[in-house]
Each structure stands twice: as C-alpha cells, then as structure tokens.
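Trainee: Have a peek at upload27.txt (compact mmCIF, C-alpha atoms).
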```txt
# COMPACT_ATOMS: atom_id res chain seq x y z
CA MET A 21 102.83 13.54 18.03
CA ASN A 22 102.98 12.00 21.54
CA HIS A 23 99.23 12.32 22.03
CA GLY A 24 96.32 10.30 20.75
CA PRO A 25 95.11 6.69 21.07
CA GLY A 26 97.61 3.96 21.90
CA TRP A 27 97.30 2.12 18.61
CA ALA A 28 98.07 5.34 16.72
CA LEU A 29 101.21 5.91 18.80
CA ALA A 30 102.26 2.29 18.28
CA LEU A 31 101.69 2.68 14.54
CA GLU A 32 103.92 5.78 14.52
CA ARG A 33 106.74 3.79 16.11
CA SER A 34 106.53 1.03 13.47
CA GLY A 35 109.41 0.53 11.05
CA LEU A 36 107.32 1.68 8.10
CA ALA A 37 106.31 4.90 9.87
CA VAL A 38 109.88 5.77 10.90
CA TRP A 39 111.08 5.09 7.36
CA MET A 40 108.29 7.25 5.91
CA ARG A 41 109.33 10.16 8.15
CA GLN A 42 113.08 9.84 7.85
CA ALA A 43 113.87 8.57 4.33
CA LEU A 44 114.41 11.70 2.27
CA TRP A 45 112.19 10.80 -0.71
CA ALA A 46 109.76 8.18 0.67
CA TYR A 47 107.12 10.68 1.75
CA PRO A 48 107.22 12.78 -1.45
CA ALA A 49 107.05 9.55 -3.48
CA ALA A 50 103.98 8.42 -1.53
CA GLU A 51 102.39 11.83 -2.15
CA VAL A 52 103.02 11.52 -5.90
CA GLY A 53 101.55 8.00 -5.91
CA HIS A 54 98.55 9.22 -3.90
CA LEU A 55 97.92 12.04 -6.37
CA LEU A 56 98.17 9.71 -9.38
CA GLY A 57 95.71 7.37 -7.65
CA VAL A 58 93.31 10.26 -7.01
CA VAL A 59 93.58 11.36 -10.64
CA LEU A 60 92.72 7.84 -11.83
CA LEU A 61 89.89 7.36 -9.34
CA ALA A 62 88.25 10.79 -9.46
CA GLY A 63 88.99 11.30 -13.17
CA CYS A 64 87.47 8.02 -14.31
CA ALA A 65 84.54 8.49 -11.93
CA ALA A 66 83.93 12.03 -13.25
CA ALA A 67 83.99 10.89 -16.88
CA LEU A 68 81.24 8.35 -16.12
CA ASP A 69 79.36 10.79 -13.85
CA LEU A 70 79.05 13.32 -16.67
CA ARG A 71 77.47 10.62 -18.85
CA LEU A 72 75.12 9.72 -15.97
CA LEU A 73 74.14 13.38 -15.75
CA GLY A 74 73.00 13.26 -19.38
CA LEU A 75 76.02 14.49 -21.35
CA SER A 76 77.24 12.64 -24.48
CA GLN A 77 74.10 10.50 -24.63
CA HIS A 78 75.26 8.75 -27.83
CA LEU A 79 77.88 6.85 -25.75
CA SER A 80 76.92 3.45 -24.32
CA VAL A 81 76.77 3.70 -20.54
CA ARG A 82 77.77 0.04 -20.13
CA GLN A 83 80.74 0.29 -22.47
CA LEU A 84 81.86 3.50 -20.79
CA ALA A 85 81.53 1.94 -17.33
CA GLY A 86 83.30 -1.23 -18.51
CA HIS A 87 86.27 0.82 -19.67
CA LEU A 88 86.47 3.38 -16.85
CA LEU A 89 85.52 1.56 -13.65
CA PRO A 90 88.41 -0.98 -13.60
CA TRP A 91 90.80 1.98 -13.82
CA ALA A 92 88.94 3.80 -11.07
CA TRP A 93 89.40 0.71 -8.86
CA ARG A 94 93.13 0.53 -9.67
CA GLY A 95 93.38 4.20 -8.70
CA PHE A 96 91.55 3.40 -5.47
CA GLY A 97 94.05 0.62 -4.72
CA LEU A 98 96.97 3.02 -5.21
CA VAL A 99 95.29 5.62 -3.00
CA VAL A 100 94.71 3.11 -0.19
CA VAL A 101 98.30 1.81 -0.16
CA THR A 102 99.99 5.23 -0.32
CA GLY A 103 97.42 6.76 2.02
CA ALA A 104 97.99 4.05 4.63
CA ALA A 105 101.76 4.65 4.50
CA MET A 106 101.31 8.40 5.00
CA PHE A 107 98.74 7.79 7.75
CA ALA A 108 101.19 5.54 9.61
CA ALA A 109 103.90 8.22 9.52
CA HIS A 110 101.78 10.70 11.51
CA ALA A 111 98.88 8.59 12.79
CA SER A 112 98.09 10.59 15.94
CA ASP A 113 98.34 13.91 14.08
CA TRP A 114 95.88 12.71 11.44
CA TRP A 115 93.66 11.33 14.17
CA HIS A 116 93.29 14.81 15.67
CA ASN A 117 92.96 16.62 12.33
CA PRO A 118 89.35 17.80 11.82
CA ALA A 119 89.60 17.24 8.04
CA PHE A 120 90.49 13.56 8.47
CA PRO A 121 87.17 12.12 9.76
CA VAL A 122 85.31 14.30 7.23
CA LYS A 123 87.46 12.95 4.42
CA MET A 124 87.00 9.32 5.53
CA GLY A 125 83.24 9.90 5.95
CA LEU A 126 83.05 11.28 2.43
CA VAL A 127 84.98 8.29 1.05
CA ALA A 128 82.50 6.00 2.82
CA ALA A 129 79.61 8.02 1.37
CA GLY A 130 81.19 7.63 -2.08
CA GLY A 131 81.39 3.89 -1.51
CA VAL A 132 77.73 3.68 -0.49
CA ASN A 133 76.82 5.67 -3.61
CA VAL A 134 78.74 3.18 -5.79
CA TRP A 135 77.01 0.29 -4.04
CA ALA A 136 73.55 1.86 -4.40
CA PHE A 137 74.17 2.63 -8.08
CA HIS A 138 75.22 -0.91 -8.92
CA ARG A 139 72.49 -2.52 -6.81
CA GLY A 140 69.89 -0.13 -8.21
CA VAL A 141 69.58 1.70 -11.48
CA TYR A 142 72.65 0.16 -13.16
CA ARG A 143 71.01 -3.29 -13.02
CA TRP A 144 68.66 -2.24 -15.79
CA ALA A 145 71.27 -0.24 -17.67
CA ALA A 146 70.36 -2.22 -20.82
CA PHE A 147 67.14 -0.21 -20.95
CA TRP A 148 68.86 3.21 -20.83
CA ASP A 149 72.29 2.29 -22.23
CA GLN A 150 71.96 4.99 -24.86
CA GLY A 151 69.80 8.09 -24.54
CA PRO A 152 68.69 10.04 -21.50
CA PRO A 153 69.61 8.54 -18.11
CA PRO A 154 66.88 7.89 -15.51
CA ARG A 155 66.63 10.17 -12.50
CA ALA A 156 68.36 7.71 -10.14
CA ALA A 157 71.39 7.59 -12.45
CA ARG A 158 71.56 11.40 -12.54
CA VAL A 159 71.44 11.52 -8.75
CA ALA A 160 74.22 8.91 -8.46
CA GLY A 161 76.37 10.86 -10.95
CA ALA A 162 75.82 14.17 -9.15
CA VAL A 163 76.58 12.64 -5.74
CA SER A 164 79.74 10.99 -7.07
CA LEU A 165 81.03 14.21 -8.65
CA ALA A 166 80.38 16.23 -5.50
CA VAL A 167 81.77 13.59 -3.11
CA TRP A 168 85.08 13.10 -4.92
CA MET A 169 85.62 16.85 -5.30
CA ALA A 170 85.00 17.26 -1.58
CA VAL A 171 87.37 14.35 -0.80
CA VAL A 172 90.14 16.07 -2.78
CA ALA A 173 89.45 19.35 -0.95
CA CYS A 174 89.61 17.61 2.45
CA GLY A 175 92.80 15.82 1.47
CA ARG A 176 94.52 19.08 0.70
CA LEU A 177 93.09 20.77 3.82
CA LEU A 178 94.74 18.10 6.00
CA ALA A 179 98.01 19.97 5.62
CA TYR A 180 96.52 23.30 6.74
CA LEU A 181 94.28 22.44 9.67
CA MET B 8 63.94 5.46 -5.99
CA ARG B 9 66.85 3.61 -4.48
CA SER B 10 69.37 6.45 -4.31
CA GLY B 11 66.82 8.95 -2.99
CA TRP B 12 68.68 9.01 0.35
CA ALA B 13 71.90 10.19 -1.25
CA PRO B 14 71.41 13.97 -1.57
CA THR B 15 70.54 14.21 2.14
CA GLY B 16 73.61 12.21 3.17
CA TYR B 17 75.80 14.32 0.96
CA GLY B 18 74.35 17.56 2.33
CA LEU B 19 75.21 16.39 5.83
CA ALA B 20 78.78 15.51 4.83
CA LEU B 21 79.22 18.87 3.10
CA ALA B 22 77.91 20.71 6.15
CA LEU B 23 80.45 18.80 8.25
CA ALA B 24 83.25 19.66 5.84
CA VAL B 25 82.34 23.35 5.88
CA THR B 26 82.12 23.40 9.68
CA ALA B 27 85.49 21.69 10.04
CA THR B 28 87.07 24.11 7.57
CA GLY B 29 86.03 27.08 9.66
CA ALA B 30 87.51 25.51 12.80
CA ALA B 31 91.23 26.15 12.75
CA TRP B 32 92.83 27.60 9.64
CA ALA B 33 96.53 27.38 9.06
CA HIS B 34 98.07 25.29 11.77
CA HIS B 35 100.92 24.18 9.52
CA GLY B 36 101.09 26.78 6.75
CA TRP B 37 103.77 29.48 6.91
CA SER B 38 100.95 32.01 7.41
CA SER B 39 101.01 31.02 11.11
CA TYR B 40 104.30 32.90 11.46
CA ASP B 41 104.42 36.68 11.83
CA GLU B 42 106.49 38.02 8.91
CA GLY B 43 106.37 41.49 10.45
CA ARG B 44 108.70 40.48 13.29
CA LEU B 45 112.20 39.21 12.63
CA LEU B 46 113.69 37.43 15.62
CA THR B 47 117.13 36.06 16.43
CA VAL B 48 117.60 33.18 18.86
CA ALA B 49 121.05 31.90 19.81
CA GLY B 50 121.67 28.82 21.91
CA ALA B 51 122.52 25.15 22.03
CA VAL B 52 120.77 22.38 20.09
CA GLU B 53 118.86 20.03 22.39
CA GLU B 54 117.39 17.82 19.69
CA ALA B 55 117.14 17.91 15.91
CA ARG B 56 114.70 15.79 13.91
CA PHE B 57 115.17 15.37 10.17
CA GLU B 58 111.65 14.14 9.56
CA HIS B 59 108.71 14.83 7.28
CA PRO B 60 106.82 17.09 7.02
CA HIS B 61 109.37 19.56 8.48
CA VAL B 62 112.81 19.43 10.03
CA THR B 63 112.52 20.62 13.63
CA VAL B 64 115.24 21.73 16.02
CA ARG B 65 114.88 22.42 19.73
CA VAL B 66 117.22 25.22 20.77
CA ARG B 67 117.88 26.12 24.40
CA ALA B 68 118.41 29.88 24.74
CA ASP B 69 118.78 31.02 28.35
CA SER B 70 115.90 29.41 30.22
CA ARG B 71 113.65 28.88 27.19
CA VAL B 72 113.61 26.03 24.70
CA TRP B 73 112.55 27.19 21.26
CA LEU B 74 110.90 24.89 18.75
CA VAL B 75 112.45 25.96 15.44
CA ILE B 76 110.62 24.86 12.28
CA LEU B 77 112.80 24.38 9.21
CA PRO B 78 111.77 23.41 5.65
CA PRO B 79 110.96 19.78 4.73
CA PRO B 80 113.98 17.42 4.95
CA THR B 81 114.46 17.36 1.16
CA ARG B 82 114.67 21.17 0.96
CA ALA B 83 116.88 21.38 4.05
CA ALA B 84 119.23 18.84 2.45
CA ALA B 85 119.26 20.90 -0.75
CA ALA B 86 120.31 23.92 1.34
CA GLY B 87 123.29 21.90 2.60
CA LEU B 88 121.99 20.93 6.04
CA SER B 89 122.51 17.42 7.36
CA PRO B 90 121.62 15.70 10.65
CA ASP B 91 125.28 15.40 11.76
CA LEU B 92 125.66 19.21 11.71
CA LEU B 93 122.99 19.60 14.38
CA GLY B 94 124.01 17.20 17.13
CA PRO B 95 123.07 17.90 20.77
CA GLY B 96 125.05 20.78 22.30
CA VAL B 97 126.03 22.42 18.99
CA ARG B 98 125.79 26.22 19.22
CA VAL B 99 123.49 27.74 16.64
CA SER B 100 121.97 31.09 15.84
CA VAL B 101 118.56 31.21 14.19
CA GLU B 102 116.94 34.16 12.48
CA GLY B 103 113.26 33.91 11.60
CA TYR B 104 109.64 34.73 12.25
CA PRO B 105 107.88 33.96 15.54
CA HIS B 106 104.65 31.93 15.61
CA ARG B 107 101.57 34.12 16.05
CA ARG B 108 100.15 32.09 18.97
CA GLU B 109 102.79 29.64 20.23
CA PRO B 110 105.14 31.63 22.48
CA VAL B 111 108.39 29.69 21.84
CA GLU B 112 107.96 28.48 18.27
CA MET B 113 109.52 30.07 15.21
CA ARG B 114 110.07 29.53 11.48
CA ALA B 115 113.76 29.71 10.55
CA LEU B 116 114.91 31.81 7.60
CA ARG B 117 118.63 31.74 8.34
CA LEU B 118 120.57 29.27 10.41
CA VAL B 119 124.16 29.87 11.46
CA VAL B 120 126.23 26.86 12.61
CA GLY B 121 129.85 27.82 13.35
CA ASP B 122 130.99 29.78 10.30
CA ARG B 123 128.39 28.24 7.99
CA VAL B 124 125.26 30.16 7.09
CA PHE B 125 122.21 28.30 5.75
CA ARG B 126 119.52 30.27 3.94
CA LEU B 127 116.20 28.47 4.23
CA ARG B 128 112.90 29.00 2.50
```
Rewrite the structure of this file - the entire thing - as structure tokens.

Mentor:
Amino acid sequence: MNHGPGWALALERSGLAVWMRQALWAYPAAEVGHLLGVVLLAGCAAALDLRLLGLSQHLSVRQLAGHLLPWAWRGFGLVVVTGAAMFAAHASDWWHNPAFPVKMGLVAAGGVNVWAFHRGVYRWAAFWDQGPPPRAARVAGAVSLAVWMAVVACGRLLAYL
Amino acid sequence: MRSGWAPTGYGLALALAVTATGAAWAHHGWSSYDEGRLLTVAGAVEEARFEHPHVTVRVRADSRVWLVILPPPTRAAAAGLSPDLLGPGVRVSVEGYPHRREPVEMRALRLVVGDRVFRLR
C-alpha cells in the first residue's frame, strides 16, 4: 500500500475497503463467492466449448447454449461483484501486480470472443445445430477454453507475484 | 472467417502471461522466508494491523524496526491473538524466519507477549 495512483489510494480508504480488510470473515467470504462465480462461468463456458469443438454432436448447440449461457452470465455477475470488493481492499497492490493487467486483458479477450461468436457463426446455428460444428465455432470454443483457463491461472498467481 | 483474428490475440495474451509469470515469483508466499535461519527479535510494538491478507506488526528492536508478518487475521484469531494484545509500546518477542531479500522483514512462528506464547503457522 501507500503507493500507486491517487484513485487507487482513495479506493483503499473507502468504507468498503476498510471493512474488507478488517472484518474477520468478509475477505474469505468474498473469495468463496468469487470461486463459485468462476466455477459457474468457466464451467458452463467449458461445457459449451467442448460441444463447439465437436464433442457430443448429438446435442443441440442452441439448446445447450440456451441452458448454459444464462448461468455463465450469473457466474460472471458474482465474479464482478466479489472481485470489485477484493480489488478495493488492496487496489494499489493489485495495480502493481504483473498478473492483474494480464488477467483483465484475458477477460477482455474472452468478452471479444463471446461477441465475435454471437455476431458471427452462432447467427446461423440453425444450420449446424446438430452434427459437426463449422471451423469458426471450433476456433471460438478453443479460444474460450484457453482464455478461461488462463484467467483462472492468473487469478491464483495474483497471490504469489 | 469472422473469428480468424482470435488465435493471434490469444497467443499474444498467453505470451504476456508467461512473461509476467517469470518476472517475480513468490512475493507473498512463505517461500520468500529462509527456513534455514531461525531468528529472535525482541522489542516494542510500534503498530499492529489486523488486516487481510496477513496480520502485520512493526516491532522496534534497538535502532531497527522489523516488519513481522503473521498469519491471516482469521488464523491469528484462532491462535488466540487479538488486536488489543498488541497495542503500541507492548513488549514482544518474536521467533521466526527472516525474509530472503528484505533486510528487516520476518515471518513469525512464535510470538511471546508477557507470559503468553502464541504458536503461529
């Protein structure tokens, strides 16, 4: 602490940040919530990604996406709220941690991948709903799998760098 | 193909992640402390912080102020420690491992306050 940009230092002095650092169980609870959110997000994404890579081709891609993606978004919501609380507690430390910008960059890359998938190949999912996925869908699935695994790795590395 | 850009972007991100990983291993982990050297520091508490991720105590011993790293607040509380035991001026004796690079930082294994001994892990 006591280094870093002014807004980060101000954030660390906020009531939420002080409470996150000093309340005995607030931080562990946020960590548990963050992990559950990651499990929902990365787990649901991975289940769809494997289908996009060509596994279990008898399953309808649209039905699978319709079931899994709302849960992935709920997981994302949980991750954002708990992550923001933990960020506030040690904002300037996170700001200087080399794993942090990499993790945020990967999350952004994951978001762009989601956007590209839905704007692109998923628009004509009716034509490949069952059977082998087109190349663009395989690429999106592979990118998603790799990105979320790397995000998890960066998240854990934050504590050790 | 619309997502043709993606593998390149990912490769770049992965390269960044790998580079960053090599940069500075183990700033926080206990591996930063030299378990081959057991050290005892006795002095007066200047400041104690019961905060996540670790309880920290500044101890003035002679002319040096040591930064003593204790377990997380939950584990310190489980060991019987509380903030009111470590007010400014309280005499303490700390046994633990010195940091490998920081000259006046140590990880506490045993903390003695008055006649009370706290075993930390």

Trainee: Do you know which residues are at most 7 Å from region 127-138 of chain A counting all atoms listed in the file, after dropping those on the same chain fewer than 3 positions away, and could you put them as a ChimeraX atom specification?

Mentor: /A:123-124,141-143,160,164,167,171 /B:9-10

Trainee: May I have the residues of chain A within 7 Å of chain B, counting only C-alpha atoms, written as an MDAnalysis selection string?

Mentor: chainID A and resid 41:42 44 118:119 122 126 136 140 156 160 163 179:181

Trainee: Take the residues from that selection and put them in a file with C-alpha atoms, as a CSV table (one decimal), in the frame of the given file.

Mentor:
```
chain,number,residue,atom,x,y,z
A,41,ARG,CA,109.3,10.2,8.2
A,42,GLN,CA,113.1,9.8,7.8
A,44,LEU,CA,114.4,11.7,2.3
A,118,PRO,CA,89.4,17.8,11.8
A,119,ALA,CA,89.6,17.2,8.0
A,122,VAL,CA,85.3,14.3,7.2
A,126,LEU,CA,83.0,11.3,2.4
A,136,ALA,CA,73.6,1.9,-4.4
A,140,GLY,CA,69.9,-0.1,-8.2
A,156,ALA,CA,68.4,7.7,-10.1
A,160,ALA,CA,74.2,8.9,-8.5
A,163,VAL,CA,76.6,12.6,-5.7
A,179,ALA,CA,98.0,20.0,5.6
A,180,TYR,CA,96.5,23.3,6.7
A,181,LEU,CA,94.3,22.4,9.7
```

Trainee: Hey, which of B:Gly121, B:Pro78, B:Gly43, B:Gly96 ends up closest to Thr63 (chain B)? Count all atoms listed in the file.

Mentor: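 When distances to Thr63 (chain B) are compared using all atoms listed in the file, the smallest one comes from B:Pro78.
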
Trainee: List the neighbours of region 45-62 of chain A out to 9 Å using only C-alpha atoms; skip same-chain residues closer than 5 positions along the sequence, and give me the result as a list in words.

Mentor: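 Once the adjacent positions are removed, what remains is Trp39, Met40, Ala67, Leu89, Trp91, Ala92, Trp93, Arg94, Gly95, Phe96, Gly97, Leu98, Val99, Val100, Val101, Thr102, Gly103, Ala105, Met106, Ala109, Ser164, Leu165, Trp168, Met169 and Val172 of chain A; His59, Pro60, Pro80 and Thr81 of chain B.
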
Trainee: What is the distance between CA of Arg82 (chain A) and CA of Arg155 (chain A), in Å to one decimal?

Mentor: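 If I compute the distance from CA of Arg82 (chain A) to CA of Arg155 (chain A), I get 16.9 Å.
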
Trainee: Given the choices B:Val124, B:Leu118, B:Val99, B:Ala85, which gets closest to Ala68 (chain B) if the distance is worked out from all atoms listed in the file?

Mentor: B:Val99

Trainee: Enter the distance from CA of Ala170 (chain A) to CA of Gly63 (chain A), in Å, rounded to one decimal.

Mentor: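 The value is 13.6 Å.
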
Trainee: May I ask for the distance between CA of Gly24 (chain A) and CA of Pro95 (chain B), given in Å to one decimal place?

Mentor: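 So the answer is 27.8 Å.
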
Trainee: Identify which of the residues A:Leu177, A:Ala146, A:Ala108, A:Val81 lies closest to Phe120 (chain A), counting all atoms listed in the file when measuring atom-to-atom distances.

Mentor: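 Looking at the shortest contact to Phe120 (chain A), the residue is A:Leu177.
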
Trainee: Neighbouring residues of region 32-34 of chain A were defined as those with any atom within 9 Å, considering all atoms listed in the file; residues of the same chain fewer than 6 positions away were excluded. Please report them as a PyMOL selection string.

Mentor: chain A and resi 21+107-112

Trainee: Counting all atoms listed in the file, figure out which residue out of B:Arg67, B:Trp73, B:Tyr104, B:Val48 gets nearest to Val119 (chain B).

Mentor: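 Residue with the minimum atom-to-atom distance to Val119 (chain B): B:Val48.
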